[in-house]
Amino acid sequence: MKYWSTRSHQKTFTFEEALLLGYAPDGGLFMPTHIPSVDFTTWMTLSYPEIVLEICKIFIDPTEIPHDKLREIILSQLQSDLVATKRLSDDCSVLELFHGSTLAFKDLAMSCTARFLDYFLQKRQRHLNIIVSTSGDTGAAAIQAIRGSPHMDVFVMYPLGRVTEIQELQMTTMAATAENVHLFGLTGTSDDGDEVMKALFADKEFAERNDLSNVNSINWSRILIQIAPYFYAYFQSGAKPGQVVEIAVPTGAAGNLIGGCIARAMGLPVRLVACTNDNDVIHQMIQTGVLMTGSVKQTLASAMDIQMPYNIERILHVLSNGDTALSKEFANAVDGGKALRLGDTLHTKVKETFHSHTSSNAGIKQTIKTVFEQHQYVVCPHTATALHYYSANQSNSRKSAACVCIATASPDKFTEVLDEAGIKNTGAAKSLLNELRVSPQKVLRLENRDEWVAVLRKSIEDHRKLKSRMI
C-alpha cells in the first residue's frame with residue numbers, strides 16, 4: 001500500500017513517510033492510492049482491537065511494520081473494554097468510544113499513532129516536534145499519548161475560554177509534569193490555532209529544519225484507526241450481513257466522518273449522518289452542494305466548534321475518484337474565504353453517501369434531558385447531536401436496519417452543560433475535578449494574535465537547539 005497527496009498523484013509515499021510528515025509536501029492530505037473492498041463477514045466475531053489490527057494490515061505494508069510487531073503495538077494500546085455499546089431501543093444504540101485515558105474517542109487512534117511514531121523514530125534515531133491545535137479533546141489525548149516519549153516533543157494550542165474546565169485541567173496538569181509537553185492558550189478559536197499550525201508547516205525550510213509533524217486528524221494514521229469503529233458498530237447493531245445500518249456521527253473537523261466514508265468505500269453497507277452543532281458547514285454542503293466557511297460560533301458541543309473541517313478535502317477526494325484539481329479548488333476556496341460549489345454529479349454522490357442534521361444549543365440540552373429521563377443514561381453534548389438526529393427522524397419510515405449513534409466523549413467532561421440540562425454532576429466527575437484542581441498546572445497564555453506564530457516558532461527552535469546540545 002502506498003499513499004499520495006489529495007492535491008497531486010505524481011509521487012507516492014510509504015506509510016512511514018505519510019505518518020512522519022503529517023501534511024503532504026504540497027500542503028494536501030495523505031490518502032491511500034486505492035481503497036480495497038474487503039469481505040468483512042470474516043471479522044464479525046473479532047474483538048474491537050482485532051478489527052483495528054485487520055484494517056491496519058491492509059493499509060500498512062509488512063515490510064514497514066511486520067505483522068507480529070503491528071499486533072504487539074495495537075494490542076498494547078487497545079483493549080476490548082475501551083469500547084462499549086448501550087442499547088436504547090430495538091433500532092437505536094450508542095457506541096461509546098470514550099473509555100480511554102482522557103475520556104474521549106481521540107484516545108483510541110492517538111495512542112496507536114504515538115506508538116507507530118515511536119517505532120519509526122527509534123528505528124531511525126530521529127526526534128520530531130509535534131504540533132497540535134485542539135478544540136478540546138485532541139489536546140489532552142495527544143499529551144497523554146506523547147508525554148514522556150524520548151523521540152517527540154509536543155506543542156499544543158487550545159482556545160482560552162472555549163473548552164470545559166476538565167478539558168483545560170487535563171492539559172494544564174499533564175503539561176506541568178512532562179518536560180516534552182509545551183502548552184499554549186490562545187485568546188481565539190480552534191480555527192485560529194489551525195491557522196497557526198498551517199503557517200508553521202507552510203514555511204517548508206522551518207518545518208524541515210525543526211522536524212515538524214502533527215497528530216491532528218490531518219495525520220493519516222489517525223484516520224486509519226478511526227475506520228474500525230464503523231465495522232464494530234455494524235457488527236454490534238444486530239443487522240444481518242448486507243442490511244444497511246445508519247451511523248450518526250458528531251462532526252467537527254470530519255476526521256471521524258472520513259473514517260466512516262472509507263469504511264463504506266471498503267464495502268460496509270452504512271448510511272452516514274453528519275451531525276453538527278451551529279457550526280454547520282458540512283451540513284450546508286451536504287444539503288445545498290455549496291461549501292462556505294464563516295466565523296466560529298461558541299456552542300455547548302465545544303469540540304465541534306469548527307468552521308474549517310479540513311477532512312472534507314479527503315471526503316471529496318474519495319467521492320470524486322481522486323480529483324486532485326478539486327482538492328486544490330477546495331484549498332483555494334477555504335484559504336480565500338470563498339464558496340466552493342460542488343458540481344451536480346459530485347453533489348449527488350455526497351447525498352448518496354451522507355445525510356446530515358444540525359442541532360442548536362436548545363436541541364442539545366433538551367436531548368440530554370430527554371435521554372436521561374427516558375433511559376437514565378447521560379450523554380455528552382456532542383453525542384447529543386447524534387441522538388437529536390435519531391429523535392427527530394424516529395417517526396420516519398427507516399430505510400436502515402438500525403441506527404447507531406457514536407458517543408465521542410464522556411459526559412463527565414462536560415459538567416457545565418449537564419448542569420444547564422438539569423442533571424447533577426456524577427460522583428466520578430466531582431472526584432476528577434477535585435483531583436485536577438489541586439494539581440500543579442502549566443500553560444503559556446497568549447493574548448496578542450500578531451505574536452502567536454512568532455512565539456511558537458521561537459519555542460520550537462529553542463527546544464530543538466536544546467535537544468541538539470543534549471545529543
# chains A, B, ... in the order shown; residues from 1 in each chain; ligands from 1
>>> closest_atom_pairs(of="range 363-469 of chain A", to="range 266-286 of chain A", cutoff="8 Å", atoms="only C-alpha atoms", output="CSV")
residue,atom,partner,partner_atom,distance
A:Thr385,CA,A:Cys275,CA,5.8
A:Ala386,CA,A:Cys275,CA,5.7
A:Tyr389,CA,A:Cys275,CA,7.2
A:Ser400,CA,A:Arg271,CA,7.8
>>> residues_around(residues="Asp203 in chain A", least_positions_apart="4", cutoff="12 Å", atoms="only C-alpha atoms", output="list in words")
Pro25, Asp26, Gly27, Val196, Met197, Lys198, Ala199, Ala207, Glu208, Arg209, Asn210, Asp211, Leu212, Val453 and Arg457 of chain A
>>> write_last_selection(atoms="N, CA, C and O atoms", output="PDB file, in the first residue's frame")
ATOM      1  N   PRO A  25       3.825  17.141   1.164  1.00  0.00           N
ATOM      2  CA  PRO A  25       4.720  18.263   0.856  1.00  0.00           C
ATOM      3  C   PRO A  25       4.039  19.424   0.128  1.00  0.00           C
ATOM      4  O   PRO A  25       4.461  20.581   0.270  1.00  0.00           O
ATOM      5  N   ASP A  26       2.968  19.147  -0.633  1.00  0.00           N
ATOM      6  CA  ASP A  26       2.282  20.214  -1.361  1.00  0.00           C
ATOM      7  C   ASP A  26       1.162  20.848  -0.542  1.00  0.00           C
ATOM      8  O   ASP A  26       0.377  21.647  -1.064  1.00  0.00           O
ATOM      9  N   GLY A  27       1.074  20.490   0.735  1.00  0.00           N
ATOM     10  CA  GLY A  27       0.032  21.047   1.593  1.00  0.00           C
ATOM     11  C   GLY A  27      -1.247  20.233   1.626  1.00  0.00           C
ATOM     12  O   GLY A  27      -2.166  20.545   2.392  1.00  0.00           O
ATOM     13  N   VAL A 196      -2.427  28.936  12.795  1.00  0.00           N
ATOM     14  CA  VAL A 196      -1.042  28.995  13.274  1.00  0.00           C
ATOM     15  C   VAL A 196      -0.291  27.740  12.840  1.00  0.00           C
ATOM     16  O   VAL A 196       0.841  27.810  12.347  1.00  0.00           O
ATOM     17  N   MET A 197      -0.928  26.589  13.009  1.00  0.00           N
ATOM     18  CA  MET A 197      -0.302  25.333  12.614  1.00  0.00           C
ATOM     19  C   MET A 197       0.000  25.315  11.120  1.00  0.00           C
ATOM     20  O   MET A 197       1.096  24.918  10.690  1.00  0.00           O
ATOM     21  N   LYS A 198      -0.956  25.759  10.310  1.00  0.00           N
ATOM     22  CA  LYS A 198      -0.737  25.809   8.861  1.00  0.00           C
ATOM     23  C   LYS A 198       0.421  26.728   8.506  1.00  0.00           C
ATOM     24  O   LYS A 198       1.224  26.429   7.617  1.00  0.00           O
ATOM     25  N   ALA A 199       0.529  27.858   9.210  1.00  0.00           N
ATOM     26  CA  ALA A 199       1.613  28.809   8.932  1.00  0.00           C
ATOM     27  C   ALA A 199       2.972  28.196   9.248  1.00  0.00           C
ATOM     28  O   ALA A 199       3.948  28.404   8.510  1.00  0.00           O
ATOM     29  N   ALA A 207       9.948  24.042   8.792  1.00  0.00           N
ATOM     30  CA  ALA A 207       9.355  22.746   9.140  1.00  0.00           C
ATOM     31  C   ALA A 207      10.382  21.624   9.028  1.00  0.00           C
ATOM     32  O   ALA A 207      10.446  20.739   9.892  1.00  0.00           O
ATOM     33  N   GLU A 208      11.183  21.644   7.984  1.00  0.00           N
ATOM     34  CA  GLU A 208      12.189  20.599   7.796  1.00  0.00           C
ATOM     35  C   GLU A 208      13.317  20.725   8.807  1.00  0.00           C
ATOM     36  O   GLU A 208      13.782  19.718   9.367  1.00  0.00           O
ATOM     37  N   ARG A 209      13.776  21.958   9.054  1.00  0.00           N
ATOM     38  CA  ARG A 209      14.884  22.168   9.985  1.00  0.00           C
ATOM     39  C   ARG A 209      14.507  21.730  11.401  1.00  0.00           C
ATOM     40  O   ARG A 209      15.341  21.222  12.155  1.00  0.00           O
ATOM     41  N   ASN A 210      13.228  21.898  11.739  1.00  0.00           N
ATOM     42  CA  ASN A 210      12.778  21.585  13.096  1.00  0.00           C
ATOM     43  C   ASN A 210      12.003  20.272  13.198  1.00  0.00           C
ATOM     44  O   ASN A 210      11.416  19.992  14.232  1.00  0.00           O
ATOM     45  N   ASP A 211      12.012  19.493  12.118  1.00  0.00           N
ATOM     46  CA  ASP A 211      11.368  18.169  12.126  1.00  0.00           C
ATOM     47  C   ASP A 211       9.938  18.238  12.657  1.00  0.00           C
ATOM     48  O   ASP A 211       9.574  17.570  13.630  1.00  0.00           O
ATOM     49  N   LEU A 212       9.114  19.070  11.997  1.00  0.00           N
ATOM     50  CA  LEU A 212       7.731  19.228  12.427  1.00  0.00           C
ATOM     51  C   LEU A 212       6.854  18.096  11.906  1.00  0.00           C
ATOM     52  O   LEU A 212       7.029  17.606  10.791  1.00  0.00           O
ATOM     53  N   VAL A 453       2.359  33.133  16.018  1.00  0.00           N
ATOM     54  CA  VAL A 453       3.260  32.333  15.180  1.00  0.00           C
ATOM     55  C   VAL A 453       4.699  32.520  15.637  1.00  0.00           C
ATOM     56  O   VAL A 453       5.460  31.543  15.766  1.00  0.00           O
ATOM     57  N   ARG A 457       7.190  29.644  16.981  1.00  0.00           N
ATOM     58  CA  ARG A 457       8.440  29.400  16.248  1.00  0.00           C
ATOM     59  C   ARG A 457       9.635  29.423  17.196  1.00  0.00           C
ATOM     60  O   ARG A 457      10.503  28.552  17.154  1.00  0.00           O
TER      61      ARG A 457
END
>>> select_by_dssp(residues="range 51-188 of chain A", states="strand (DSSP E or B)", output="PyMOL selection string")
chain A and resi 84-89+92-96+104+128-133+152-159+181-186
>>> write_last_selection(atoms="N, CA, C and O atoms", output="short mmCIF file (atom, residue, chain, number, x, y, z; two decimals), in the first residue's frame")
data_model
loop_
_atom_site.label_atom_id
_atom_site.label_comp_id
_atom_site.auth_asym_id
_atom_site.auth_seq_id
_atom_site.Cartn_x
_atom_site.Cartn_y
_atom_site.Cartn_z
N ALA A 84 -17.80 0.28 24.17
CA ALA A 84 -18.98 -0.38 24.75
C ALA A 84 -20.22 0.06 23.99
O ALA A 84 -20.24 1.13 23.39
N THR A 85 -21.24 -0.78 24.03
CA THR A 85 -22.49 -0.48 23.35
C THR A 85 -23.62 -0.38 24.36
O THR A 85 -23.77 -1.24 25.23
N LYS A 86 -24.40 0.70 24.25
CA LYS A 86 -25.58 0.89 25.08
C LYS A 86 -26.80 0.89 24.17
O LYS A 86 -26.93 1.76 23.29
N ARG A 87 -27.68 -0.08 24.35
CA ARG A 87 -28.88 -0.16 23.51
C ARG A 87 -30.01 0.63 24.17
O ARG A 87 -30.36 0.40 25.32
N LEU A 88 -30.56 1.59 23.41
CA LEU A 88 -31.64 2.42 23.93
C LEU A 88 -33.01 1.95 23.48
O LEU A 88 -34.01 2.21 24.15
N SER A 89 -33.08 1.29 22.33
CA SER A 89 -34.35 0.76 21.82
C SER A 89 -34.04 -0.34 20.83
O SER A 89 -32.87 -0.66 20.58
N CYS A 92 -32.11 1.49 18.02
CA CYS A 92 -31.14 2.56 18.31
C CYS A 92 -30.18 2.12 19.42
O CYS A 92 -30.61 1.68 20.49
N SER A 93 -28.89 2.27 19.14
CA SER A 93 -27.88 2.00 20.16
C SER A 93 -26.82 3.09 20.12
O SER A 93 -26.72 3.84 19.15
N VAL A 94 -26.04 3.17 21.17
CA VAL A 94 -24.96 4.15 21.28
C VAL A 94 -23.65 3.40 21.38
O VAL A 94 -23.50 2.49 22.22
N LEU A 95 -22.70 3.73 20.52
CA LEU A 95 -21.37 3.13 20.57
C LEU A 95 -20.46 4.07 21.35
O LEU A 95 -20.11 5.14 20.86
N GLU A 96 -20.09 3.67 22.56
CA GLU A 96 -19.25 4.50 23.42
C GLU A 96 -17.78 4.29 23.09
O GLU A 96 -17.24 3.20 23.26
N ALA A 104 -12.16 10.42 25.86
CA ALA A 104 -12.63 10.86 24.54
C ALA A 104 -12.23 9.85 23.48
O ALA A 104 -11.24 9.11 23.65
N LEU A 128 11.04 14.22 16.63
CA LEU A 128 10.06 15.07 15.98
C LEU A 128 9.49 16.09 16.96
O LEU A 128 9.37 15.81 18.17
N ASN A 129 9.11 17.24 16.44
CA ASN A 129 8.34 18.23 17.17
C ASN A 129 6.92 18.18 16.64
O ASN A 129 6.66 18.53 15.48
N ILE A 130 5.99 17.71 17.47
CA ILE A 130 4.61 17.50 17.07
C ILE A 130 3.80 18.77 17.37
O ILE A 130 3.79 19.25 18.51
N ILE A 131 3.10 19.30 16.37
CA ILE A 131 2.28 20.50 16.53
C ILE A 131 0.81 20.08 16.55
O ILE A 131 0.35 19.36 15.66
N VAL A 132 0.09 20.56 17.56
CA VAL A 132 -1.32 20.17 17.72
C VAL A 132 -2.16 21.42 17.96
O VAL A 132 -1.80 22.28 18.77
N SER A 133 -3.26 21.51 17.26
CA SER A 133 -4.28 22.51 17.54
C SER A 133 -5.53 21.76 17.97
O SER A 133 -5.93 20.80 17.32
N MET A 152 9.86 12.53 20.91
CA MET A 152 8.96 13.60 20.48
C MET A 152 8.79 14.65 21.56
O MET A 152 8.77 14.34 22.75
N ASP A 153 8.69 15.92 21.12
CA ASP A 153 8.13 16.99 21.93
C ASP A 153 6.80 17.35 21.31
O ASP A 153 6.63 17.26 20.09
N VAL A 154 5.83 17.77 22.12
CA VAL A 154 4.52 18.13 21.58
C VAL A 154 4.17 19.55 22.01
O VAL A 154 4.33 19.93 23.17
N PHE A 155 3.74 20.36 21.04
CA PHE A 155 3.37 21.75 21.23
C PHE A 155 1.87 21.87 20.94
O PHE A 155 1.44 21.68 19.80
N VAL A 156 1.10 22.17 21.97
CA VAL A 156 -0.36 22.12 21.88
C VAL A 156 -0.95 23.52 22.06
O VAL A 156 -0.60 24.23 23.01
N MET A 157 -1.85 23.90 21.14
CA MET A 157 -2.58 25.18 21.25
C MET A 157 -4.05 24.89 21.49
O MET A 157 -4.62 24.03 20.82
N TYR A 158 -4.66 25.63 22.42
CA TYR A 158 -6.10 25.48 22.65
C TYR A 158 -6.72 26.86 22.86
O TYR A 158 -6.03 27.81 23.27
N PRO A 159 -8.01 27.02 22.60
CA PRO A 159 -8.66 28.33 22.71
C PRO A 159 -9.11 28.61 24.15
O PRO A 159 -9.95 27.89 24.69
N VAL A 181 6.24 18.38 26.95
CA VAL A 181 4.93 18.94 26.63
C VAL A 181 4.97 20.45 26.80
O VAL A 181 5.38 20.96 27.85
N HIS A 182 4.50 21.18 25.76
CA HIS A 182 4.54 22.64 25.76
C HIS A 182 3.15 23.14 25.36
O HIS A 182 2.68 22.89 24.24
N LEU A 183 2.48 23.82 26.27
CA LEU A 183 1.06 24.15 26.13
C LEU A 183 0.86 25.65 26.00
O LEU A 183 1.42 26.44 26.78
N PHE A 184 0.01 26.05 25.03
CA PHE A 184 -0.25 27.45 24.75
C PHE A 184 -1.75 27.69 24.70
O PHE A 184 -2.46 27.02 23.95
N GLY A 185 -2.23 28.64 25.47
CA GLY A 185 -3.63 29.03 25.44
C GLY A 185 -3.79 30.29 24.61
O GLY A 185 -3.14 31.31 24.89
N LEU A 186 -4.61 30.23 23.57
CA LEU A 186 -4.80 31.36 22.66
C LEU A 186 -6.14 32.04 22.93
O LEU A 186 -7.16 31.38 23.13
#
>>> select_by_dssp(residues="range 202-450 of chain A", states="helix (DSSP H, G or I)", output="PyMOL selection string")
chain A and resi 202+204-209+220-225+228-236+255-265+281-288+302-304+312-319+324-336+344-353+361-375+381-392+411-413+415-420+427-437+449-450
>>> residues_around(residues="Thr164 in chain A", least_positions_apart="6", cutoff="8 Å", atoms="only C-alpha atoms", output="ChimeraX atom specification")
/A:136,413-414,416
>>> closest_residue(among="A:Ser410, A:Leu117, A:Lys424, A:His388", to="His99 in chain A", atoms="only C-alpha atoms")
A:Ser410
>>> closest_residue(among="A:Ala333, A:Leu121, A:Ile315, A:Val290", to="Phe354 in chain A", atoms="only C-alpha atoms")
A:Ile315
>>> residues_around(residues="range 437-444 of chain A", least_positions_apart="4", cutoff="6 Å", atoms="only C-alpha atoms", output="list in words")
Thr172, Thr173, Ala175, Ala176, Leu183, Phe184 and Leu433 of chain A
>>> write_last_selection(atoms="C-alpha atoms", output="short mmCIF file (atom, residue, chain, number, x, y, z; two decimals), in the first residue's frame")
data_model
loop_
_atom_site.label_atom_id
_atom_site.label_comp_id
_atom_site.auth_asym_id
_atom_site.auth_seq_id
_atom_site.Cartn_x
_atom_site.Cartn_y
_atom_site.Cartn_z
CA THR A 172 -2.51 22.02 32.04
CA THR A 173 -1.86 19.40 34.72
CA ALA A 175 1.90 19.76 30.88
CA ALA A 176 3.14 20.58 34.39
CA LEU A 183 1.06 24.15 26.13
CA PHE A 184 -0.25 27.45 24.75
CA LEU A 433 -12.43 17.80 39.07
#
>>> residues_around(residues="Pro49 in chain A", least_positions_apart="2", cutoff="9 Å", atoms="only C-alpha atoms", output="PDB file with N, CA and C atoms, in the first residue's frame")
ATOM      1  N   LEU A  46     -14.706 -10.880  15.649  1.00  0.00           N
ATOM      2  CA  LEU A  46     -13.470 -10.339  16.211  1.00  0.00           C
ATOM      3  C   LEU A  46     -13.766  -9.280  17.271  1.00  0.00           C
ATOM      4  N   SER A  47     -12.840  -9.116  18.191  1.00  0.00           N
ATOM      5  CA  SER A  47     -12.927  -8.036  19.170  1.00  0.00           C
ATOM      6  C   SER A  47     -12.573  -6.714  18.482  1.00  0.00           C
ATOM      7  N   ILE A  51     -10.196  -6.039  15.099  1.00  0.00           N
ATOM      8  CA  ILE A  51     -10.667  -5.370  13.878  1.00  0.00           C
ATOM      9  C   ILE A  51      -9.694  -4.271  13.481  1.00  0.00           C
ATOM     10  N   VAL A  52      -9.226  -3.503  14.468  1.00  0.00           N
ATOM     11  CA  VAL A  52      -8.216  -2.473  14.189  1.00  0.00           C
ATOM     12  C   VAL A  52      -6.997  -3.110  13.531  1.00  0.00           C
ATOM     13  N   LEU A  53      -6.558  -4.238  14.074  1.00  0.00           N
ATOM     14  CA  LEU A  53      -5.388  -4.917  13.535  1.00  0.00           C
ATOM     15  C   LEU A  53      -5.603  -5.350  12.095  1.00  0.00           C
ATOM     16  N   GLU A  54      -6.757  -5.937  11.789  1.00  0.00           N
ATOM     17  CA  GLU A  54      -7.018  -6.397  10.419  1.00  0.00           C
ATOM     18  C   GLU A  54      -7.019  -5.224   9.436  1.00  0.00           C
ATOM     19  N   ILE A  74      -0.581  -2.625  18.573  1.00  0.00           N
ATOM     20  CA  ILE A  74      -2.021  -2.349  18.684  1.00  0.00           C
ATOM     21  C   ILE A  74      -2.602  -2.966  19.951  1.00  0.00           C
ATOM     22  N   LEU A  75      -2.258  -4.211  20.234  1.00  0.00           N
ATOM     23  CA  LEU A  75      -2.828  -4.874  21.401  1.00  0.00           C
ATOM     24  C   LEU A  75      -2.257  -4.325  22.707  1.00  0.00           C
ATOM     25  N   GLN A  77      -1.993  -1.132  23.160  1.00  0.00           N
ATOM     26  CA  GLN A  77      -2.670   0.150  23.335  1.00  0.00           C
ATOM     27  C   GLN A  77      -4.186   0.023  23.440  1.00  0.00           C
ATOM     28  N   LEU A  78      -4.749  -1.002  22.846  1.00  0.00           N
ATOM     29  CA  LEU A  78      -6.208  -1.136  22.789  1.00  0.00           C
ATOM     30  C   LEU A  78      -6.667  -2.413  23.481  1.00  0.00           C
ATOM     31  N   GLN A  79      -7.645  -2.267  24.349  1.00  0.00           N
ATOM     32  CA  GLN A  79      -8.272  -3.411  24.987  1.00  0.00           C
ATOM     33  C   GLN A  79      -9.764  -3.400  24.636  1.00  0.00           C
ATOM     34  N   SER A  80     -10.376  -4.547  24.723  1.00  0.00           N
ATOM     35  CA  SER A  80     -11.781  -4.671  24.315  1.00  0.00           C
ATOM     36  C   SER A  80     -12.711  -3.779  25.125  1.00  0.00           C
ATOM     37  N   ALA A 228     -12.072   1.596  12.035  1.00  0.00           N
ATOM     38  CA  ALA A 228     -12.520   0.385  12.732  1.00  0.00           C
ATOM     39  C   ALA A 228     -13.854   0.523  13.463  1.00  0.00           C
TER      40      ALA A 228
END
>>> atom_distance(atom1="CA of Glu17 in chain A", atom2="CA of Asp118 in chain A")
13.6 Å
>>> atom_distance(atom1="CA of Asp419 in chain A", atom2="CA of Val378 in chain A")
11.8 Å
>>> closest_residue(among="A:Ser221, A:Thr6, A:Met110, A:Thr189", to="Ala18 in chain A", atoms="only C-alpha atoms")
A:Ser221
>>> residues_around(residues="Ala142 in chain A", least_positions_apart="2", cutoff="10 Å", atoms="only C-alpha atoms", output="PyMOL selection string")
chain A and resi 102+106-107+109-111+113-114+130-132+134+137-140+144-147+154-156+171+181+214-216
>>> atom_distance(atom1="CA of Lys369 in chain A", atom2="CA of Pro381 in chain A")
10.6 Å
>>> residues_around(residues="range 303-312 of chain A", least_positions_apart="5", cutoff="10 Å", atoms="only C-alpha atoms", output="ChimeraX atom specification")
/A:28-29,134-138,162-164,167,189-192,194-195,217-218,223,250-259,275-282,285,291-298,317-318,327,330-331,334-335,381-382,408-409
>>> closest_residue(among="A:Gly100, A:Met31, A:Gly427, A:Gln287", to="Thr324 in chain A", atoms="only C-alpha atoms")
A:Met31
